>>> print(open('target_30.txt').read())   # compact mmCIF, C-alpha atoms
# COMPACT_ATOMS: atom_id res chain seq x y z
CA MET A 1 -43.14 169.92 154.32
CA LYS A 2 -46.40 170.56 156.18
CA SER A 3 -47.95 167.81 158.18
CA LYS A 4 -51.54 166.86 157.51
CA PHE A 5 -52.13 166.28 161.15
CA LYS A 6 -52.63 169.03 163.72
CA LEU A 7 -51.40 168.35 167.17
CA LYS A 8 -53.99 168.97 169.82
CA CYS A 9 -53.43 169.09 173.49
CA PRO A 10 -56.04 166.74 174.94
CA ARG A 11 -56.13 168.73 178.19
CA SER A 12 -56.63 172.19 176.72
CA ARG A 13 -60.42 172.01 176.31
CA PRO A 14 -61.27 170.62 179.77
CA HIS A 15 -58.67 172.94 181.30
CA GLN A 16 -60.33 175.95 179.64
CA LYS A 17 -63.77 174.83 180.84
CA ARG A 18 -62.47 174.56 184.39
CA LEU A 19 -60.99 178.06 184.16
CA ASP A 20 -64.29 179.40 182.83
CA LYS A 21 -66.15 177.75 185.72
CA ASP A 22 -63.64 179.13 188.23
CA ASN A 23 -63.99 182.64 186.79
CA LEU A 24 -67.77 182.36 186.93
CA LYS A 25 -67.58 181.23 190.55
CA ILE A 26 -65.33 184.19 191.40
CA LYS A 27 -67.72 186.65 189.75
CA MET A 28 -70.69 185.11 191.55
CA MET A 29 -68.83 185.28 194.88
CA GLN A 30 -67.93 188.94 194.27
CA LYS A 31 -71.60 189.75 193.61
CA LEU A 32 -72.62 187.84 196.71
CA LEU A 33 -70.02 189.67 198.79
CA GLN A 34 -71.31 193.02 197.54
CA LYS A 35 -74.87 192.03 198.47
CA LEU A 36 -73.67 190.95 201.91
CA LYS A 37 -71.94 194.29 202.43
CA THR A 38 -75.11 196.11 201.51
CA ALA A 39 -77.29 193.94 203.74
CA THR A 40 -74.86 194.33 206.63
CA VAL A 41 -74.86 198.09 206.61
CA ILE A 42 -78.62 198.25 206.06
CA ALA A 43 -78.99 196.16 209.18
CA LEU A 44 -76.64 198.51 211.07
CA ILE A 45 -78.58 201.53 210.01
CA SER A 46 -81.85 199.85 210.92
CA VAL A 47 -80.57 199.26 214.44
CA PHE A 48 -79.64 202.95 214.78
CA VAL A 49 -83.06 204.02 213.56
CA LEU A 50 -84.83 201.64 215.93
CA LEU A 51 -82.73 202.75 218.89
CA SER A 52 -83.14 206.45 218.14
CA SER A 53 -86.91 206.11 217.72
CA GLY A 54 -87.46 204.55 221.14
CA TRP A 55 -88.26 201.11 219.73
CA THR A 56 -86.41 199.45 222.57
CA SER A 57 -88.51 201.18 225.22
CA THR A 58 -91.94 200.11 226.44
CA ALA A 59 -93.45 203.29 225.00
CA VAL A 60 -93.15 202.31 221.35
CA ALA A 61 -94.39 205.03 218.95
CA GLN A 62 -95.67 207.22 221.80
CA ASN A 63 -92.89 209.77 221.62
CA PRO A 64 -93.65 212.75 219.32
CA MET A 65 -90.07 212.59 218.05
CA ASP A 66 -91.06 209.39 216.22
CA GLN A 67 -93.06 211.56 213.85
CA LEU A 68 -90.46 214.34 213.59
CA VAL A 69 -87.28 212.38 212.92
CA THR A 70 -86.86 211.63 209.22
CA GLY A 71 -83.35 210.24 209.26
CA TYR A 72 -80.29 209.53 211.30
CA VAL A 73 -76.60 210.47 210.98
CA SER A 74 -74.07 208.78 213.21
CA LYS A 75 -70.76 210.71 213.37
CA VAL A 76 -67.38 208.99 213.39
CA ASN A 77 -64.12 210.94 213.82
CA VAL A 78 -61.22 209.92 211.56
CA ALA A 79 -57.65 211.10 211.04
CA ASP A 80 -57.64 210.80 207.23
CA LEU A 81 -60.83 211.54 205.30
CA GLY A 82 -59.51 209.92 202.10
CA GLN A 83 -58.71 206.69 203.90
CA ALA A 84 -62.13 206.73 205.58
CA ILE A 85 -63.83 207.22 202.22
CA PHE A 86 -62.03 204.12 200.95
CA PHE A 87 -63.03 202.10 204.06
CA TYR A 88 -66.75 202.96 204.08
CA GLU A 89 -67.24 203.15 200.31
CA GLU A 90 -65.03 200.33 199.04
CA LEU A 91 -64.72 197.90 201.93
CA LEU A 92 -68.20 198.29 203.46
CA GLY A 93 -69.91 198.96 200.12
CA MET A 94 -71.74 202.13 201.16
CA GLU A 95 -72.62 204.98 198.81
CA ARG A 96 -71.29 208.46 199.42
CA ASP A 97 -73.62 211.44 199.81
CA THR A 98 -71.61 214.52 198.84
CA SER A 99 -74.51 216.99 199.24
CA GLU A 100 -73.30 218.05 202.70
CA ASP A 101 -69.56 217.70 202.06
CA THR A 102 -67.03 220.11 203.49
CA ASP A 103 -63.27 219.80 203.37
CA ARG A 104 -63.48 217.72 206.60
CA TRP A 105 -66.91 215.99 206.41
CA THR A 106 -68.73 213.50 204.20
CA GLN A 107 -71.57 211.01 204.67
CA PHE A 108 -72.31 207.45 203.60
CA PHE A 109 -75.55 205.51 203.24
CA TYR A 110 -77.14 202.47 201.72
CA PRO A 111 -79.61 203.10 198.86
CA ASN A 112 -82.33 201.11 200.61
CA VAL A 113 -82.09 203.44 203.64
CA PRO A 114 -81.03 206.81 202.18
CA ASP A 115 -82.02 208.94 205.20
CA THR A 116 -79.91 206.96 207.65
CA LYS A 117 -76.24 207.84 207.30
CA ILE A 118 -72.81 207.52 208.79
CA GLY A 119 -71.09 210.91 208.86
CA VAL A 120 -67.29 210.92 208.76
CA TYR A 121 -65.45 213.92 210.22
CA GLU A 122 -61.73 214.46 209.76
CA GLY A 123 -60.45 215.58 213.12
CA GLN A 124 -59.07 214.02 216.27
CA PRO A 125 -60.06 210.33 216.03
CA THR A 126 -61.67 209.06 219.20
CA GLY A 127 -61.06 205.33 218.70
CA THR A 128 -64.16 204.36 220.63
CA GLY A 129 -62.75 201.27 222.33
CA GLU A 130 -66.29 199.92 222.60
CA ALA A 131 -68.60 199.14 219.72
CA ALA A 132 -70.33 202.29 218.53
CA LEU A 133 -71.65 200.94 215.24
CA THR A 134 -73.25 197.51 215.12
CA LEU A 135 -73.99 195.71 211.88
CA VAL A 136 -76.75 193.16 212.34
CA VAL A 137 -76.25 190.31 209.88
CA ALA A 138 -78.08 187.10 209.03
CA HIS A 139 -74.92 184.94 208.94
CA ILE A 140 -72.08 186.19 211.12
CA GLU A 141 -69.58 183.55 209.98
CA PHE A 142 -70.00 184.57 206.35
CA ALA A 143 -69.94 188.31 207.15
CA ARG A 144 -66.75 187.84 209.18
CA ASP A 145 -65.14 185.93 206.29
CA VAL A 146 -66.08 188.73 203.88
CA LEU A 147 -64.44 191.38 206.06
CA ILE A 148 -61.33 189.25 206.53
CA SER A 149 -61.13 188.77 202.75
CA GLN A 150 -61.09 192.59 202.49
CA GLY A 151 -58.04 192.69 204.75
CA ILE A 152 -59.93 193.74 207.89
CA GLU A 153 -58.89 192.10 211.16
CA VAL A 154 -61.96 190.66 212.89
CA SER A 155 -62.11 189.08 216.34
CA PRO A 156 -63.27 185.51 216.82
CA ILE A 157 -67.05 185.16 217.11
CA GLN A 158 -68.30 185.34 220.68
CA ASP A 159 -71.54 183.81 221.94
CA VAL A 160 -72.78 186.32 224.53
CA GLY A 161 -75.92 184.36 225.37
CA GLU A 162 -79.61 184.74 224.55
CA GLY A 163 -78.86 183.68 220.96
CA VAL A 164 -76.60 186.68 220.26
CA LEU A 165 -73.26 186.24 218.48
CA LEU A 166 -70.75 189.11 218.18
CA ALA A 167 -67.49 189.76 216.32
CA PHE A 168 -65.54 193.00 216.58
CA PHE A 169 -63.45 194.97 214.10
CA LYS A 170 -62.10 198.51 213.71
CA ASP A 171 -61.79 201.07 210.99
CA PHE A 172 -58.41 202.66 210.18
CA ASP A 173 -58.77 205.12 213.09
CA GLY A 174 -59.60 202.60 215.78
CA ASN A 175 -63.35 203.25 215.77
CA SER A 176 -64.97 200.00 216.87
CA LEU A 177 -67.63 198.26 214.85
CA THR A 178 -69.45 195.04 215.67
CA LEU A 179 -71.03 192.28 213.65
CA ARG A 180 -74.10 190.87 215.41
CA GLU A 181 -76.20 187.83 214.60
CA ASN A 182 -79.42 187.24 216.51
CA ARG A 183 -80.13 183.51 216.73
CA TRP A 184 -83.48 183.68 218.42
CA PHE A 185 -85.28 180.40 218.30
>>> encode(input="target_30.txt", output="structure tokens")
Amino acid sequence: MKSKFKLKCPRSRPHQKRLDKDNLKIKMMQKLLQKLKTATVIALISVFVLLSSGWTSTAVAQNPMDQLVTGYVSKVNVADLGQAIFFYEELLGMERDTSEDTDRWTQFFYPNVPDTKIGVYEGQPTGTGEAALTLVVAHIEFARDVLISQGIEVSPIQDVGEGVLLAFFKDFDGNSLTLRENRWF
């Protein structure tokens, strides 16, 4: 005999709403993390462009090279090109430019700065030991947390004075990278 009454779990509806909210929060955090990755590398590339153009000297825009240079490629040696592709594309969120690819070379960039690239060469890794690539970020604590959530070991944040905060990490080949926040007041 069938019962006229259906049993309902009083917790199922609120529980489902909480799961939906949690899933929405996760998706929003993933999008935010992707934007942070993009902003971080754009900042890194901007620093390279500024340094290579003489911006840090007193003779700003007086060097004829300022007009000749249309982009910048910073080379990093790695032991395993496939692993490097994963690191720069997936973990740092860069796009890969395959137009210059060889069996031992590829390049990465951010769409907002397409002529400033990081070139990855499969050869004897140098493991810089000092920061060669610096990613300037707006919020170093958040950027550090993002990298750690990607499984990357990042040093504690160091206040080096003058409003500059640094945190260091390495790629799979020991090439050093730095997060930098400028807290100029």
>>> residues_around(input="target_30.txt", residues="Leu81 (chain A)", least_positions_apart="3", cutoff="12 Å", atoms="all atoms listed in the file", output="ChimeraX atom specification")
/A:76-78,84-89,101-107,119-125,171-173
>>> closest_residue(input="target_30.txt", among="A:Ser149, A:Thr134, A:Gln30, A:Asn112", to="Phe168 (chain A)", atoms="all atoms listed in the file")
A:Thr134
>>> atom_distance(input="target_30.txt", atom1="CA of Glu90 (chain A)", atom2="CA of Leu24 (chain A)")
21.8 Å
>>> atom_distance(input="target_30.txt", atom1="CA of Glu153 (chain A)", atom2="CA of Leu91 (chain A)")
12.4 Å
>>> atom_distance(input="target_30.txt", atom1="CA of Thr116 (chain A)", atom2="CA of Gly174 (chain A)")
22.3 Å
